[in-house]
Amino acid sequence: MTHPLISALAERYGLPSVDETSIDAFLAPAAGEPAHALLFFTGDPEQRAETLDVAVVLPEILAAFQRRLRGAVVTRAAETALAPRFRVMVHPSLVVTRDGAPIAVMPKIRDWSEYLERIEAALAPDAPVMASEERPRVAFTTSGGAARAGGAA
């Protein structure tokens with residue numbers, strides 16, 4: 001069951017819920033819509049008290065950036081599948097995207113001034129897209145004679 005504050009984001013503020021099948025359609029802006037979106041990865045509000053704090057602040061953030069930013073809530077069932085794509089490692093998190101690519105991730109609750117600064121920076125036309133997640137690389141070396149290039153064995 002969804003917490004009433006999370007449900008209110010759809011019921012009172014009209015924020016859509018997105019999952020693996022609907023995320024790309026949401027991120028593709030319709031004519032006249034902003035290219036930037038704000039995704040809310042809630043996590044379990046029973047385990048993460050900050051989720052409800054972010055749920056309260058989210059409509060205020062969207063109001064502060066109206067006509068520059070669209071919002072959606074990622075369904076709990078889709079969070080695990082979508083988190084790597086949007087570089088989410090901590091719940092709750094807000095993710096600013098442009099044309100479907102993550103620009104900024106803001107985990108947990110933040111000061112209002114930090115939200116304003118980070119989102120404003122992410123909305124800049126030259127804001128860089130976050131680098132794609134790379135897997136750790138391991139280099140193997142040997143101590144044998146073949147490892148010494150051009151040296152005497």
# chains A, B, ... in the order shown; residues from 1 in each chain; ligands from 1
>>> select_by_dssp(residues="range 6-45 of chain A", states="strand (DSSP E)", output="MDAnalysis selection string")
chainID A and resid 17:18 36:41
>>> residues_around(residues="range 17-19 of chain A", least_positions_apart="3", cutoff="10 Å", atoms="only C-alpha atoms", output="list in words")
Ser7, Leu9, Ala10, Gly14, Ser22, Ile23, Asp24, Ala25, Phe26, Leu27, Leu39, Phe40, Gly71, Ala72, Val73, Val74, Thr75, Arg76, Ala77, Ala78, Glu79, Ala81 and Leu82 of chain A
>>> write_last_selection(atoms="C-alpha atoms", output="compact mmCIF listing (two decimals), in the first residue's frame")
# COMPACT_ATOMS: atom_id res chain seq x y z
CA SER A 7 -0.62 9.05 -3.16
CA LEU A 9 1.34 13.56 -5.33
CA ALA A 10 -0.90 12.00 -7.99
CA GLY A 14 -1.45 15.37 -10.78
CA SER A 22 6.06 4.18 -19.34
CA ILE A 23 9.27 6.01 -18.40
CA ASP A 24 10.46 6.69 -21.96
CA ALA A 25 7.06 8.06 -23.03
CA PHE A 26 7.07 10.37 -20.00
CA LEU A 27 10.62 11.55 -20.63
CA LEU A 39 11.89 11.84 -11.06
CA PHE A 40 11.11 10.85 -7.46
CA GLY A 71 7.65 15.71 -12.34
CA ALA A 72 6.82 12.03 -11.90
CA VAL A 73 6.99 9.38 -9.21
CA VAL A 74 8.79 6.14 -10.05
CA THR A 75 6.68 3.19 -8.90
CA ARG A 76 8.17 1.13 -6.09
CA ALA A 77 8.05 -1.98 -8.27
CA ALA A 78 10.17 -0.26 -10.95
CA GLU A 79 12.76 1.39 -8.70
CA ALA A 81 15.17 -1.79 -12.49
CA LEU A 82 15.38 1.97 -13.17
>>> select_by_dssp(residues="range 97-127 of chain A", states="alpha helix (DSSP H)", output="PyMOL selection string")
chain A and resi 112-123
>>> atom_distance(atom1="CA of Val88 in chain A", atom2="CA of Ala101 in chain A")
12.6 Å
>>> residues_around(residues="Thr51 in chain A", least_positions_apart="2", cutoff="12 Å", atoms="only C-alpha atoms", output="MDAnalysis selection string")
chainID A and resid 2:6 40:49 53:58 73 90:94 107:110
>>> atom_distance(atom1="CA of Arg98 in chain A", atom2="CA of Leu123 in chain A")
8.1 Å
>>> atom_distance(atom1="CA of Ala131 in chain A", atom2="CA of Ser113 in chain A")
25.2 Å
>>> residues_around(residues="Val96 in chain A", least_positions_apart="3", cutoff="10 Å", atoms="only C-alpha atoms", output="PyMOL selection string")
chain A and resi 36-40+69-71+86+93+100-106+118-119+122-123+129
